[in-house]
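> If it helps, the file is called start_26.cif and holds mmCIF, C-alpha atoms:
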data_structure
#
loop_
_atom_site.label_atom_id
_atom_site.label_comp_id
_atom_site.auth_asym_id
_atom_site.auth_seq_id
_atom_site.Cartn_x
_atom_site.Cartn_y
_atom_site.Cartn_z
CA MET A 1 0.00 0.00 0.00
CA SER A 2 1.50 3.31 -1.09
CA GLU A 3 1.95 6.06 1.47
CA ALA A 4 -0.33 9.07 1.19
CA VAL A 5 1.22 12.34 0.05
CA LYS A 6 0.19 15.45 1.94
CA SER A 7 -1.26 18.25 -0.17
CA VAL A 8 0.70 21.46 -0.57
CA PRO A 9 -0.16 24.51 -2.72
CA LEU A 10 1.30 24.85 -6.19
CA PHE A 11 4.50 26.89 -6.52
CA TYR A 12 4.59 29.93 -8.81
CA GLY A 13 8.10 31.24 -8.19
CA ASN A 14 7.22 34.92 -8.72
CA TYR A 15 6.99 35.97 -5.05
CA GLY A 16 3.39 37.01 -5.68
CA GLU A 17 0.85 37.29 -2.86
CA ASN A 18 3.54 36.95 -0.18
CA GLU A 19 4.84 33.67 -1.61
CA ASN A 20 7.89 32.51 0.35
CA PRO A 21 9.92 30.02 -1.76
CA SER A 22 12.02 28.81 1.19
CA ALA A 23 8.95 28.11 3.33
CA TRP A 24 7.19 26.45 0.40
CA PHE A 25 10.09 24.06 -0.29
CA ALA A 26 10.28 23.10 3.39
CA GLN A 27 6.55 22.39 3.37
CA PHE A 28 6.87 20.37 0.16
CA GLU A 29 9.76 18.33 1.53
CA LEU A 30 7.83 17.46 4.67
CA SER A 31 4.89 16.26 2.57
CA LEU A 32 6.98 13.54 0.86
CA PRO A 33 6.87 10.01 2.23
CA ILE A 34 10.15 8.92 3.82
CA SER A 35 10.25 5.74 1.72
CA TRP A 36 10.22 7.57 -1.60
CA THR A 37 13.26 7.47 -3.88
CA ASP A 38 14.92 10.53 -5.38
CA THR A 39 13.27 9.82 -8.72
CA GLN A 40 9.82 9.84 -7.13
CA ARG A 41 10.57 13.04 -5.23
CA ILE A 42 11.83 14.85 -8.34
CA GLN A 43 8.78 13.75 -10.34
CA ARG A 44 6.50 14.96 -7.56
CA PHE A 45 8.36 18.28 -7.48
CA GLY A 46 7.66 18.84 -11.18
CA MET A 47 3.94 18.16 -10.57
CA GLN A 48 3.84 20.88 -7.84
CA LEU A 49 4.80 23.71 -10.24
CA THR A 50 2.07 25.96 -11.64
CA PRO A 51 1.81 25.51 -15.42
CA GLY A 52 3.07 28.43 -17.48
CA GLU A 53 4.65 30.23 -14.53
CA VAL A 54 8.25 31.15 -13.69
CA ALA A 55 8.99 28.02 -11.66
CA GLU A 56 7.88 25.59 -14.37
CA GLU A 57 9.95 27.39 -17.01
CA TRP A 58 13.00 27.22 -14.74
CA TYR A 59 12.42 23.51 -14.09
CA HIS A 60 12.31 22.63 -17.80
CA ASN A 61 15.67 24.35 -18.33
CA LEU A 62 17.46 22.22 -15.72
CA THR A 63 20.09 19.77 -17.00
CA SER A 64 20.16 16.04 -16.37
CA LEU A 65 22.93 16.63 -13.84
CA HIS A 66 20.68 18.98 -11.85
CA LEU A 67 17.95 16.33 -11.85
CA SER A 68 20.23 13.38 -11.05
CA SER A 69 19.42 13.57 -7.34
CA PHE A 70 16.97 15.35 -5.06
CA ALA A 71 19.92 16.98 -3.27
CA ASN A 72 21.09 18.55 -6.56
CA LEU A 73 17.56 19.76 -7.28
CA LYS A 74 17.34 21.33 -3.83
CA HIS A 75 20.70 23.04 -4.34
CA GLU A 76 19.56 24.55 -7.66
CA PHE A 77 16.25 25.61 -6.15
CA PHE A 78 17.88 27.66 -3.41
CA LYS A 79 20.37 29.08 -5.87
CA ARG A 80 17.42 30.40 -7.88
CA TRP A 81 15.34 31.42 -4.84
CA PRO A 82 17.85 32.05 -2.05
CA PRO A 83 16.54 32.11 1.54
CA PRO A 84 15.97 35.62 2.90
CA LYS A 85 18.70 36.89 5.18
CA ARG A 86 17.54 37.80 8.66
CA PRO A 87 18.25 41.49 9.26
CA LYS A 88 20.69 42.24 12.05
CA LEU A 89 19.37 45.19 14.03
CA THR A 90 21.62 47.47 16.01
CA ARG A 91 20.89 48.02 19.69
CA ALA A 92 19.48 51.44 18.85
CA GLN A 93 17.10 49.89 16.30
CA GLN A 94 16.03 47.20 18.78
CA LYS A 95 15.38 49.87 21.39
CA GLU A 96 13.31 51.85 18.90
CA ARG A 97 11.14 48.82 18.08
CA ILE A 98 10.57 48.02 21.75
CA MET A 99 9.64 51.60 22.65
CA ALA A 100 7.25 51.77 19.70
CA GLN A 101 5.08 49.20 21.50
CA VAL A 102 3.17 51.75 23.56
CA LEU A 103 0.70 50.67 26.22
CA LYS A 104 -2.17 53.16 26.43
CA GLU A 105 -3.52 54.06 29.84
CA ASP A 106 -7.12 53.41 28.82
CA GLU A 107 -6.17 49.82 27.87
CA ILE A 108 -4.99 48.89 31.36
CA GLY A 109 -7.40 46.58 33.16
CA ILE A 110 -9.61 46.10 30.09
CA TRP A 111 -10.49 42.50 29.19
CA THR A 112 -10.04 41.66 25.52
CA GLN A 113 -11.30 38.58 23.75
CA GLU A 114 -8.95 36.90 21.29
CA GLY A 115 -10.19 33.69 19.71
CA ARG A 116 -11.44 31.18 22.27
CA THR A 117 -9.54 32.74 25.14
CA GLY A 118 -9.09 36.27 26.35
CA ASN A 119 -6.79 38.29 28.55
CA TYR A 120 -6.33 41.76 29.97
CA ALA A 121 -5.03 44.19 27.39
CA HIS A 122 -1.97 45.12 29.44
CA VAL A 123 -1.01 41.44 29.82
CA THR A 124 -1.42 40.87 26.08
CA TRP A 125 0.80 43.89 25.50
CA ALA A 126 3.50 42.45 27.78
CA LEU A 127 3.39 39.10 25.97
CA ASN A 128 3.71 40.78 22.57
CA VAL A 129 6.65 42.92 23.69
CA SER A 130 8.48 39.93 25.18
CA ARG A 131 8.00 37.91 21.99
CA LEU A 132 9.28 40.79 19.91
CA ALA A 133 12.37 41.15 22.09
CA LEU A 134 13.09 37.42 22.15
CA GLY A 135 12.64 37.32 18.38
CA MET A 136 15.40 39.92 18.09
CA GLY A 137 17.68 37.77 20.27
CA ASP A 138 17.31 39.57 23.60
CA VAL A 139 17.32 36.41 25.71
CA ASP A 140 18.92 38.19 28.68
CA GLY A 141 16.18 40.83 29.02
CA ALA A 142 18.48 43.78 28.30
CA MET A 143 15.61 45.62 26.59
CA ILE A 144 13.18 45.36 29.50
CA GLU A 145 14.15 48.82 30.76
CA TYR A 146 12.88 50.34 27.50
CA ALA A 147 9.60 48.47 27.75
CA LEU A 148 9.12 49.88 31.26
CA GLU A 149 9.38 53.41 29.87
CA SER A 150 6.24 52.78 27.81
CA ILE A 151 4.14 51.69 30.81
CA PRO A 152 1.81 54.34 32.35
CA ASP A 153 2.19 54.99 36.08
CA LEU A 154 -1.26 53.49 36.67
CA LEU A 155 0.33 50.06 36.12
CA LYS A 156 3.99 50.80 36.83
CA ASP A 157 3.21 51.81 40.43
CA HIS A 158 2.36 48.14 41.13
CA LEU A 159 5.45 46.59 39.49
CA LYS A 160 8.87 45.62 40.87
CA CYS A 161 10.57 47.14 37.80
CA VAL A 162 13.68 44.95 38.29
CA TYR A 163 13.82 41.74 36.26
CA ASN A 164 16.36 39.17 35.10
CA SER A 165 14.33 37.81 32.20
CA TRP A 166 11.30 38.50 30.04
CA ASP A 167 9.44 35.69 31.78
CA GLU A 168 9.76 37.54 35.11
CA PHE A 169 8.59 40.75 33.44
CA VAL A 170 5.45 39.14 32.02
CA GLU A 171 4.71 37.24 35.24
CA ASP A 172 4.93 40.40 37.35
CA ILE A 173 2.44 42.20 35.11
CA GLN A 174 0.09 39.21 35.16
CA ASP A 175 0.15 39.14 38.98
CA VAL A 176 -1.12 42.70 39.47
CA PRO A 177 -4.70 42.41 40.84
CA ASN A 178 -7.20 44.14 38.60
CA VAL A 179 -8.99 45.57 41.65
CA LYS A 180 -5.86 47.62 42.41
CA LEU A 181 -5.81 48.93 38.85
CA LYS A 182 -9.48 49.85 39.09
CA ARG A 183 -8.95 51.70 42.36
CA GLY A 184 -5.91 53.45 40.95
CA ARG A 185 -7.87 54.57 37.89
CA GLU A 186 -10.64 56.01 40.08
CA ASN A 187 -8.11 57.97 42.15
CA LEU A 188 -6.39 59.20 39.01
CA ASP A 189 -9.70 60.37 37.54
CA LYS A 190 -10.44 62.29 40.74
CA GLU A 191 -7.03 63.97 40.69
CA ARG A 192 -7.38 64.95 37.06
CA ALA A 193 -10.89 66.24 37.59
CA ARG A 194 -9.67 68.35 40.49
CA ASP A 195 -6.72 69.70 38.49
CA ALA A 196 -9.02 70.46 35.55
CA GLU A 197 -11.43 72.38 37.77
CA ILE A 198 -8.58 74.35 39.35
CA SER A 199 -7.17 75.20 35.92
CA LYS A 200 -10.60 76.17 34.65
CA LEU A 201 -11.26 78.41 37.64
CA LYS A 202 -7.88 80.12 37.21
CA MET A 203 -8.59 80.83 33.54
CA GLN A 204 -12.08 82.10 34.27
CA SER A 205 -10.79 84.22 37.12
CA ALA A 206 -8.16 85.79 34.91
CA PHE A 207 -10.70 86.42 32.16
CA VAL A 208 -13.23 87.98 34.52
CA HIS A 209 -10.48 90.14 36.04
CA HIS A 210 -9.62 91.58 32.62
CA ALA A 211 -13.27 92.10 31.81
CA SER A 212 -13.85 93.84 35.13
CA THR A 213 -11.27 96.51 34.23
CA MET A 214 -13.82 97.80 31.72
CA ASN A 215 -16.27 99.07 34.40
CA PHE A 216 -18.09 102.30 33.77
CA PRO A 217 -20.47 104.09 36.10
CA ALA A 218 -24.15 103.73 35.27
CA PRO A 219 -26.26 106.89 35.29
CA ALA A 220 -28.41 107.51 38.32
CA ARG A 221 -31.79 105.81 38.35
CA MET A 222 -34.62 108.32 38.24
CA SER A 223 -38.21 108.13 39.43
CA ASN A 224 -40.57 105.62 37.87
CA ASN A 225 -43.52 108.03 38.32
CA LEU A 226 -42.67 110.28 35.40
CA ASN A 227 -45.01 110.60 32.46
CA PRO A 228 -43.98 108.29 29.60
CA SER A 229 -44.34 111.23 27.25
CA LEU A 230 -41.27 112.71 28.87
CA PHE A 231 -39.08 109.93 27.43
CA THR A 232 -36.75 111.55 24.96
CA THR A 233 -33.31 111.24 23.55
CA ALA A 234 -30.51 112.98 25.36
CA PRO A 235 -28.53 115.61 23.47
CA ALA A 236 -25.49 114.41 21.59
CA MET A 237 -22.63 113.73 23.91
CA PRO A 238 -19.11 114.98 23.24
CA PRO A 239 -16.51 112.37 22.29
CA SER A 240 -15.53 110.38 25.33
CA THR A 241 -13.76 107.21 26.21
CA ASN A 242 -16.59 106.33 28.56
CA MET A 243 -19.13 103.89 27.21
CA PRO A 244 -22.66 105.36 26.99
CA THR A 245 -25.32 103.29 28.68
CA ARG A 246 -28.75 101.91 27.83
CA GLY A 247 -31.65 101.53 30.20
CA GLY A 248 -29.47 102.19 33.24
CA TYR A 249 -26.99 99.47 32.29
CA SER A 250 -23.46 99.84 31.06
CA ALA A 251 -22.50 98.08 27.84
CA TYR A 252 -21.05 95.28 29.92
CA GLY A 253 -24.14 94.60 31.96
CA GLY A 254 -26.55 95.58 34.69
CA ARG A 255 -25.21 97.92 37.38
CA GLY A 256 -21.68 96.56 36.86
CA THR A 257 -19.83 94.69 34.20
CA PHE A 258 -21.56 92.64 31.52
CA ALA A 259 -18.85 90.02 30.83
CA PRO A 260 -18.77 88.44 34.32
CA ARG A 261 -22.56 88.07 34.32
CA ILE A 262 -22.48 86.44 30.89
CA LEU A 263 -19.85 83.98 32.06
CA GLU A 264 -21.78 83.27 35.25
CA ARG A 265 -24.89 82.42 33.27
CA ALA A 266 -22.90 80.37 30.77
CA ALA A 267 -21.31 78.34 33.57
CA LEU A 268 -24.64 77.10 34.94
CA VAL A 269 -23.86 73.79 33.20
CA PRO A 270 -20.38 72.79 34.45
CA GLN A 271 -17.81 71.47 31.99
CA ARG A 272 -17.05 67.86 32.88
CA PRO A 273 -13.45 66.66 33.42
CA ASN A 274 -11.70 65.01 30.50
CA THR A 275 -11.78 61.53 32.01
CA GLU A 276 -13.67 58.33 31.32
CA SER A 277 -16.26 59.11 33.99
CA GLY A 278 -16.37 62.75 32.91
CA MET A 279 -17.20 61.72 29.34
CA ARG A 280 -20.06 59.57 30.61
CA GLN A 281 -21.44 62.54 32.59
CA TYR A 282 -21.04 64.76 29.52
CA GLU A 283 -23.02 62.36 27.32
CA ALA A 284 -25.75 62.27 29.97
CA ASP A 285 -25.82 66.11 30.03
CA ILE A 286 -26.13 66.21 26.23
CA SER A 287 -28.97 63.68 26.27
CA LEU A 288 -30.83 65.64 28.97
CA TRP A 289 -30.40 68.94 27.09
CA HIS A 290 -31.82 67.56 23.85
CA ARG A 291 -34.69 65.85 25.65
CA SER A 292 -35.54 69.21 27.20
CA TYR A 293 -35.08 71.50 24.17
CA GLY A 294 -35.26 69.18 21.16
CA MET A 295 -32.66 67.95 18.69
CA ASP A 296 -32.77 71.24 16.76
CA GLY A 297 -33.05 73.54 19.77
CA ALA A 298 -30.84 76.63 19.91
CA PRO A 299 -28.72 77.32 23.02
CA SER A 300 -29.03 80.61 24.89
CA LEU A 301 -28.18 82.10 28.26
CA GLU A 302 -31.41 80.61 29.56
CA ARG A 303 -30.41 77.14 28.32
CA PRO A 304 -26.60 76.88 28.16
CA TYR A 305 -25.20 73.97 26.16
CA PRO A 306 -22.77 71.46 27.77
CA LEU A 307 -19.14 71.84 26.65
CA ARG A 308 -17.16 68.84 25.49
CA PRO A 309 -14.58 67.77 28.12
CA GLY A 310 -11.03 68.83 27.34
CA THR A 311 -12.00 71.84 25.21
CA ALA A 312 -11.27 75.51 25.92
CA ILE A 313 -13.46 77.74 28.05
CA LEU A 314 -16.00 80.02 26.40
CA GLY A 315 -14.82 83.32 24.97
CA SER A 316 -11.13 82.37 24.92
CA GLY A 317 -10.70 82.78 21.16
CA GLU A 318 -11.25 79.07 20.64
CA CYS A 319 -11.99 77.50 17.26
CA TYR A 320 -15.72 76.95 16.79
CA SER A 321 -15.11 73.67 14.94
CA CYS A 322 -12.93 71.81 17.46
CA GLY A 323 -13.28 73.98 20.58
CA MET A 324 -9.51 74.26 21.08
CA VAL A 325 -7.08 77.17 21.37
CA THR A 326 -3.83 76.62 19.50
CA GLU A 327 -0.58 78.54 19.13
CA PRO A 328 -0.78 80.26 16.75
CA THR A 329 -4.55 80.66 16.86
CA HIS A 330 -6.38 79.03 13.93
CA LEU A 331 -9.75 79.95 12.46
CA SER A 332 -12.65 77.58 12.04
CA SER A 333 -12.18 77.50 8.27
CA GLN A 334 -8.58 76.36 8.82
CA CYS A 335 -9.44 73.65 11.34
CA THR A 336 -8.11 70.19 10.46
CA ALA A 337 -9.30 68.38 13.59
CA THR A 338 -10.96 65.05 12.89
CA SER A 339 -13.27 65.33 15.91
CA GLN A 340 -15.69 68.21 15.38
CA LEU A 341 -18.02 69.78 17.92
CA ARG A 342 -21.77 69.21 17.88
CA PRO A 343 -23.64 71.93 15.92
CA GLN A 344 -25.31 73.27 19.09
CA GLU A 345 -21.97 73.64 20.88
CA THR A 346 -20.54 75.48 17.88
CA ARG A 347 -23.52 77.86 17.93
CA TRP A 348 -23.25 78.24 21.72
CA ARG A 349 -19.58 79.23 21.51
CA GLN A 350 -20.37 81.68 18.69
CA TYR A 351 -23.19 83.15 20.76
CA ILE A 352 -21.09 83.82 23.89
CA ALA A 353 -18.09 85.08 21.94
CA GLY A 354 -20.39 87.35 19.95
CA LEU A 355 -21.85 88.91 23.09
CA LEU A 356 -18.43 89.53 24.61
CA ARG A 357 -16.95 90.81 21.37
CA ARG A 358 -19.82 93.16 20.64
CA ALA A 359 -19.73 94.53 24.18
CA ALA A 360 -16.00 95.22 23.86
CA GLN A 361 -16.52 96.93 20.50
CA GLN A 362 -19.29 99.13 21.88
CA GLN A 363 -17.23 100.01 24.92
CA THR A 364 -14.40 101.42 22.83
CA SER A 365 -16.75 103.14 20.35
CA ARG A 366 -16.86 106.92 20.34
CA THR A 367 -20.37 106.99 18.84
CA PRO A 368 -22.96 107.78 21.54
CA PHE A 369 -26.19 105.84 21.93
CA PRO A 370 -29.56 107.48 22.53
CA THR A 371 -30.01 107.59 26.28
CA PRO A 372 -33.51 107.76 27.81
CA VAL A 373 -34.06 110.27 30.58
CA GLN A 374 -36.24 107.90 32.59
CA TYR A 375 -34.78 104.56 33.67
CA GLU A 376 -36.60 101.38 34.55
CA GLU A 377 -35.62 98.02 36.00
CA THR A 378 -34.51 95.51 33.35
CA SER A 379 -34.92 91.77 33.68
CA TRP A 380 -32.50 89.11 32.50
CA GLY A 381 -34.78 88.42 29.60
CA ASP A 382 -34.78 92.09 28.59
CA LEU A 383 -31.03 92.39 29.01
CA TYR A 384 -30.15 89.43 26.81
CA GLU A 385 -33.09 88.75 24.57
CA GLY A 386 -35.29 91.85 24.54
CA THR A 387 -35.28 95.11 22.59
CA GLY A 388 -32.10 97.17 22.78
CA THR A 389 -29.84 94.40 24.01
CA LEU A 390 -26.30 93.57 23.04
CA ASP A 391 -27.26 90.47 21.10
CA GLN A 392 -30.05 92.14 19.11
CA GLY A 393 -29.22 92.04 15.41
CA TYR A 394 -26.08 90.01 16.04
CA GLU A 395 -25.09 88.16 12.90
CA TRP A 396 -23.78 84.67 13.51
CA SER A 397 -20.22 84.26 12.25
CA SER A 398 -18.64 80.95 11.37
CA GLU A 399 -15.21 82.26 12.42
CA ASN A 400 -13.63 82.82 15.80
CA TYR A 401 -11.97 86.17 16.25
CA GLY A 402 -8.40 84.92 16.64
CA GLY A 403 -7.60 85.14 20.33
CA PRO A 404 -9.12 86.22 23.66
CA LEU A 405 -10.74 89.62 24.08
CA GLN A 406 -8.38 92.49 24.76
CA THR A 407 -8.51 94.67 27.83
CA MET A 408 -8.77 98.44 27.60
CA ASP A 409 -4.99 98.98 27.93
CA GLN A 410 -4.40 96.56 25.03
CA GLN A 411 -6.77 98.26 22.59
#
Could you show the structure in this file as structure tokens?

Amino acid sequence: MSEAVKSVPLFYGNYGENENPSAWFAQFELSLPISWTDTQRIQRFGMQLTPGEVAEEWYHNLTSLHLSSFANLKHEFFKRWPPPKRPKLTRAQQKERIMAQVLKEDEIGIWTQEGRTGNYAHVTWALNVSRLALGMGDVDGAMIEYALESIPDLLKDHLKCVYNSWDEFVEDIQDVPNVKLKRGRENLDKERARDAEISKLKMQSAFVHHASTMNFPAPARMSNNLNPSLFTTAPAMPPSTNMPTRGGYSAYGGRGTFAPRILERAALVPQRPNTESGMRQYEADISLWHRSYGMDGAPSLERPYPLRPGTAILGSGECYSCGMVTEPTHLSSQCTATSQLRPQETRWRQYIAGLLRRAAQQQTSRTPFPTPVQYEETSWGDLYEGTGTLDQGYEWSSENYGGPLQTMDQQ
């Protein structure tokens, strides 16, 4: 009974579709029965060549000497298709390849499913790095120190960081309890949220401080018992650096400055920290806003729109497309960010920046406004959305104005 021959793919010899001649010949040789003679092996080899391709043409040009033994055929084969030489990497190149295997912080402690089994993403990363290093010949673990540089502190804080082999390195990472990683992530999120709030408060404080330097005294409030027919326009005022007022309010707001009150109203919905939990809170805020005001609702001071975590504060000269402030400042039409803001947030940022910008322009204007002789109390609705307000007739602009508002001494 003849021995069965294992099936192998036909050989083309043109290196097409990642064909590896050396690997193919090894596979072919293993498929041959041990009891076969050289003549049988050579005949079988000729049957494994794809008709009309490079390999078959080469085979037909071999001499009888080349085909006198399977060893001679093998020698000619590897002369025609020599085995690839394994590249010898320098230590610097090996280091570069190891450090390119970056472990992301958000992957730590996350279970990933691969085939029938799964593992934590940080353990899978450690296994892949160790295999890469061993494949480059680092059997002594000399490259472990470079792998440690790519590990976030969330995981590194629980490691020994001193190892004699790659097996020890992988084992130490596998032994870190996931509950510790989870607790560490929660603490890290709290610290980042606190730092973000502190930074945000500092920026807002600095902005409000600059805006507050633009205070102007409001005219005295007169009696409400006067006849409405007495309302008239005050005579033209001489040129002055002081901002004329409307309805008893300076251009920057009621009985004080306008900018701080705008920012106070705009901050009624807090910006969430740029963390995993913060993003979940942000998505919940967005969902609640749209349930309350509709998918096509427009934001206003009465219904401020939630800001995406990690973006700049309102009125800081940010891009309306990505919500970021860059150096140098870029306009919305020049924005190349792949992650764009929601349309309502874009409109919300335009709205606030427009109010602040228009107020600043009016404050430095030398053209007086008609000033009524009789003054009456003005509500929030009148101040921001009624007749004679700063946002009346404001034309929405698709562009940011290229930087934060200037103070009086900068204009």
> Choose the residue, out of A:Ala121, A:Arg116, A:Gln48, A:Glu149, that has the smallest atom-to-atom separation from A:Lys95; count only C-alpha atoms.
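Looking only at the distances to A:Lys95, the closest residue turns out to be A:Glu149.
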> Using the chain letters and numbers from the file, which residues does the PyMOL selection byres ((chain A and resi 142) around 12) grab, as an mmCIF file with C-alpha atoms, keeping the file's coordinate frame?

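part_15.cif was written with the following content:
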data_model
loop_
_atom_site.group_PDB
_atom_site.id
_atom_site.type_symbol
_atom_site.label_atom_id
_atom_site.label_comp_id
_atom_site.auth_asym_id
_atom_site.auth_seq_id
_atom_site.Cartn_x
_atom_site.Cartn_y
_atom_site.Cartn_z
ATOM 1 C CA ARG A 91 20.890 48.020 19.690
ATOM 2 C CA GLN A 94 16.030 47.200 18.780
ATOM 3 C CA LYS A 95 15.380 49.870 21.390
ATOM 4 C CA ILE A 98 10.570 48.020 21.750
ATOM 5 C CA SER A 130 8.480 39.930 25.180
ATOM 6 C CA ALA A 133 12.370 41.150 22.090
ATOM 7 C CA LEU A 134 13.090 37.420 22.150
ATOM 8 C CA MET A 136 15.400 39.920 18.090
ATOM 9 C CA GLY A 137 17.680 37.770 20.270
ATOM 10 C CA ASP A 138 17.310 39.570 23.600
ATOM 11 C CA VAL A 139 17.320 36.410 25.710
ATOM 12 C CA ASP A 140 18.920 38.190 28.680
ATOM 13 C CA GLY A 141 16.180 40.830 29.020
ATOM 14 C CA MET A 143 15.610 45.620 26.590
ATOM 15 C CA ILE A 144 13.180 45.360 29.500
ATOM 16 C CA GLU A 145 14.150 48.820 30.760
ATOM 17 C CA TYR A 146 12.880 50.340 27.500
ATOM 18 C CA ALA A 147 9.600 48.470 27.750
ATOM 19 C CA LEU A 148 9.120 49.880 31.260
ATOM 20 C CA VAL A 162 13.680 44.950 38.290
ATOM 21 C CA TYR A 163 13.820 41.740 36.260
ATOM 22 C CA ASN A 164 16.360 39.170 35.100
ATOM 23 C CA SER A 165 14.330 37.810 32.200
ATOM 24 C CA TRP A 166 11.300 38.500 30.040
ATOM 25 C CA PHE A 169 8.590 40.750 33.440
#
> Under the PyMOL selection byres ((chain A and resi 45) around 10), which residues of this model are included? Write them out as a list in words.
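After applying the PyMOL selection byres ((chain A and resi 45) around 10), what remains is Leu10, Phe11, Phe25, Phe28, Glu29, Leu32, Thr39, Gln40, Arg41, Ile42, Gln43, Arg44, Gly46, Met47, Gln48, Leu49, Tyr59, Phe70 and Leu73 of chain A.
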> Go ahead and write the residues just picked, C-alpha atoms, as a PDB file, keeping the file's coordinate frame.

ATOM      1  CA  LEU A  10       1.300  24.850  -6.190  1.00  0.00           C
ATOM      2  CA  PHE A  11       4.500  26.890  -6.520  1.00  0.00           C
ATOM      3  CA  PHE A  25      10.090  24.060  -0.290  1.00  0.00           C
ATOM      4  CA  PHE A  28       6.870  20.370   0.160  1.00  0.00           C
ATOM      5  CA  GLU A  29       9.760  18.330   1.530  1.00  0.00           C
ATOM      6  CA  LEU A  32       6.980  13.540   0.860  1.00  0.00           C
ATOM      7  CA  THR A  39      13.270   9.820  -8.720  1.00  0.00           C
ATOM      8  CA  GLN A  40       9.820   9.840  -7.130  1.00  0.00           C
ATOM      9  CA  ARG A  41      10.570  13.040  -5.230  1.00  0.00           C
ATOM     10  CA  ILE A  42      11.830  14.850  -8.340  1.00  0.00           C
ATOM     11  CA  GLN A  43       8.780  13.750 -10.340  1.00  0.00           C
ATOM     12  CA  ARG A  44       6.500  14.960  -7.560  1.00  0.00           C
ATOM     13  CA  GLY A  46       7.660  18.840 -11.180  1.00  0.00           C
ATOM     14  CA  MET A  47       3.940  18.160 -10.570  1.00  0.00           C
ATOM     15  CA  GLN A  48       3.840  20.880  -7.840  1.00  0.00           C
ATOM     16  CA  LEU A  49       4.800  23.710 -10.240  1.00  0.00           C
ATOM     17  CA  TYR A  59      12.420  23.510 -14.090  1.00  0.00           C
ATOM     18  CA  PHE A  70      16.970  15.350  -5.060  1.00  0.00           C
ATOM     19  CA  LEU A  73      17.560  19.760  -7.280  1.00  0.00           C
TER      20      LEU A  73
END
> Near stretch 100-104 of chain A, counting all atoms listed in the file, which residues have an atom at most 7 Å away, once you skip same-chain residues fewer than 3 positions from it, shown as an NGL selection string?
:A and (96-97 or 107 or 122 or 125 or 129 or 150-151)
> Since we have the selection now, will you write its residues out, keeping C-alpha atoms, as a compact mmCIF listing (two decimals), keeping the file's coordinate frame?

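And here is the file that came out, part-v5.txt:
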# COMPACT_ATOMS: atom_id res chain seq x y z
CA GLU A 96 13.31 51.85 18.90
CA ARG A 97 11.14 48.82 18.08
CA GLU A 107 -6.17 49.82 27.87
CA HIS A 122 -1.97 45.12 29.44
CA TRP A 125 0.80 43.89 25.50
CA VAL A 129 6.65 42.92 23.69
CA SER A 150 6.24 52.78 27.81
CA ILE A 151 4.14 51.69 30.81
> Could you give me, as JSON lines, every stretch 320-357 of chain A residue with an atom at most 10 Å from stretch 277-300 of chain A, plus its closest atom pair and distance in Å to one decimal, counting only C-alpha atoms, rows ordered by chain then number?

{"residue": "A:Arg342", "atom": "CA", "partner": "A:Ile286", "partner_atom": "CA", "distance": 9.9}
{"residue": "A:Pro343", "atom": "CA", "partner": "A:Asp296", "partner_atom": "CA", "distance": 9.2}
{"residue": "A:Gln344", "atom": "CA", "partner": "A:Ala298", "partner_atom": "CA", "distance": 6.5}
{"residue": "A:Glu345", "atom": "CA", "partner": "A:Pro299", "partner_atom": "CA", "distance": 8.0}
{"residue": "A:Thr346", "atom": "CA", "partner": "A:Pro299", "partner_atom": "CA", "distance": 9.8}
{"residue": "A:Arg347", "atom": "CA", "partner": "A:Pro299", "partner_atom": "CA", "distance": 7.3}
{"residue": "A:Trp348", "atom": "CA", "partner": "A:Pro299", "partner_atom": "CA", "distance": 5.7}
{"residue": "A:Arg349", "atom": "CA", "partner": "A:Pro299", "partner_atom": "CA", "distance": 9.5}
{"residue": "A:Tyr351", "atom": "CA", "partner": "A:Ser300", "partner_atom": "CA", "distance": 7.6}
{"residue": "A:Ile352", "atom": "CA", "partner": "A:Ser300", "partner_atom": "CA", "distance": 8.6}
> Apply the PyMOL selection byres ((chain A and resi 200) around 12) to the file shown and report the selected residues as a list in words.
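Given this file, the PyMOL selection byres ((chain A and resi 200) around 12) evaluates to Arg192, Ala193, Arg194, Asp195, Ala196, Glu197, Ile198, Ser199, Leu201, Lys202, Met203, Gln204, Ser205, Ala206, Phe207, Ala267, Pro270, Gln271, Arg272, Pro273, Asn274, Pro309, Gly310, Thr311, Ala312, Ile313, Leu314 and Ser316 of chain A.
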> From the list A:Pro21, A:Pro177, A:Trp36, A:Asn72, which residue is nearest A:Pro9 when using only C-alpha atoms?
A:Pro21
> What does the distance between atom CA of A:Asn178 and atom CA of A:Gly109 come to in Å, to one decimal place?
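Separation of atom CA of A:Asn178 and atom CA of A:Gly109: 6.0 Å.
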> Could you work out how far atom CA of A:Leu268 lies from atom CA of A:Gln350, giving the answer in Å with one decimal?
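Interatomic distance here is 17.4 Å.
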> Rounded to one decimal place, report the atom CA of A:Tyr305-atom CA of A:Arg265 distance in Å.
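Going from atom CA of A:Tyr305 over to atom CA of A:Arg265, I get 11.0 Å.
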> Could you list, as a list in words, every residue within 12 Å of A:Trp58, counting only C-alpha atoms and ignoring same-chain residues fewer than 6 positions away?
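Close residues of A:Trp58: Phe11, Tyr12, Gly13, Asn14, Gly46, Leu49, Thr50, Pro51, Gly52, His66, Leu73, Glu76, Phe77, Lys79, Arg80 and Trp81 of chain A.
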> Every residue with an atom at most 10 Å from (11.4, 30.5, 3.7) (file coordinates; all atoms listed in the file) is what I'm after, so could you write them as a short mmCIF file (atom, residue, chain, number, x, y, z; two decimals) with C-alpha atoms, keeping the file's coordinate frame?

data_model
loop_
_atom_site.label_atom_id
_atom_site.label_comp_id
_atom_site.auth_asym_id
_atom_site.auth_seq_id
_atom_site.Cartn_x
_atom_site.Cartn_y
_atom_site.Cartn_z
CA GLU A 19 4.84 33.67 -1.61
CA ASN A 20 7.89 32.51 0.35
CA PRO A 21 9.92 30.02 -1.76
CA SER A 22 12.02 28.81 1.19
CA ALA A 23 8.95 28.11 3.33
CA TRP A 24 7.19 26.45 0.40
CA PHE A 25 10.09 24.06 -0.29
CA ALA A 26 10.28 23.10 3.39
CA GLN A 27 6.55 22.39 3.37
CA TRP A 81 15.34 31.42 -4.84
CA PRO A 82 17.85 32.05 -2.05
CA PRO A 83 16.54 32.11 1.54
CA PRO A 84 15.97 35.62 2.90
CA LYS A 85 18.70 36.89 5.18
#
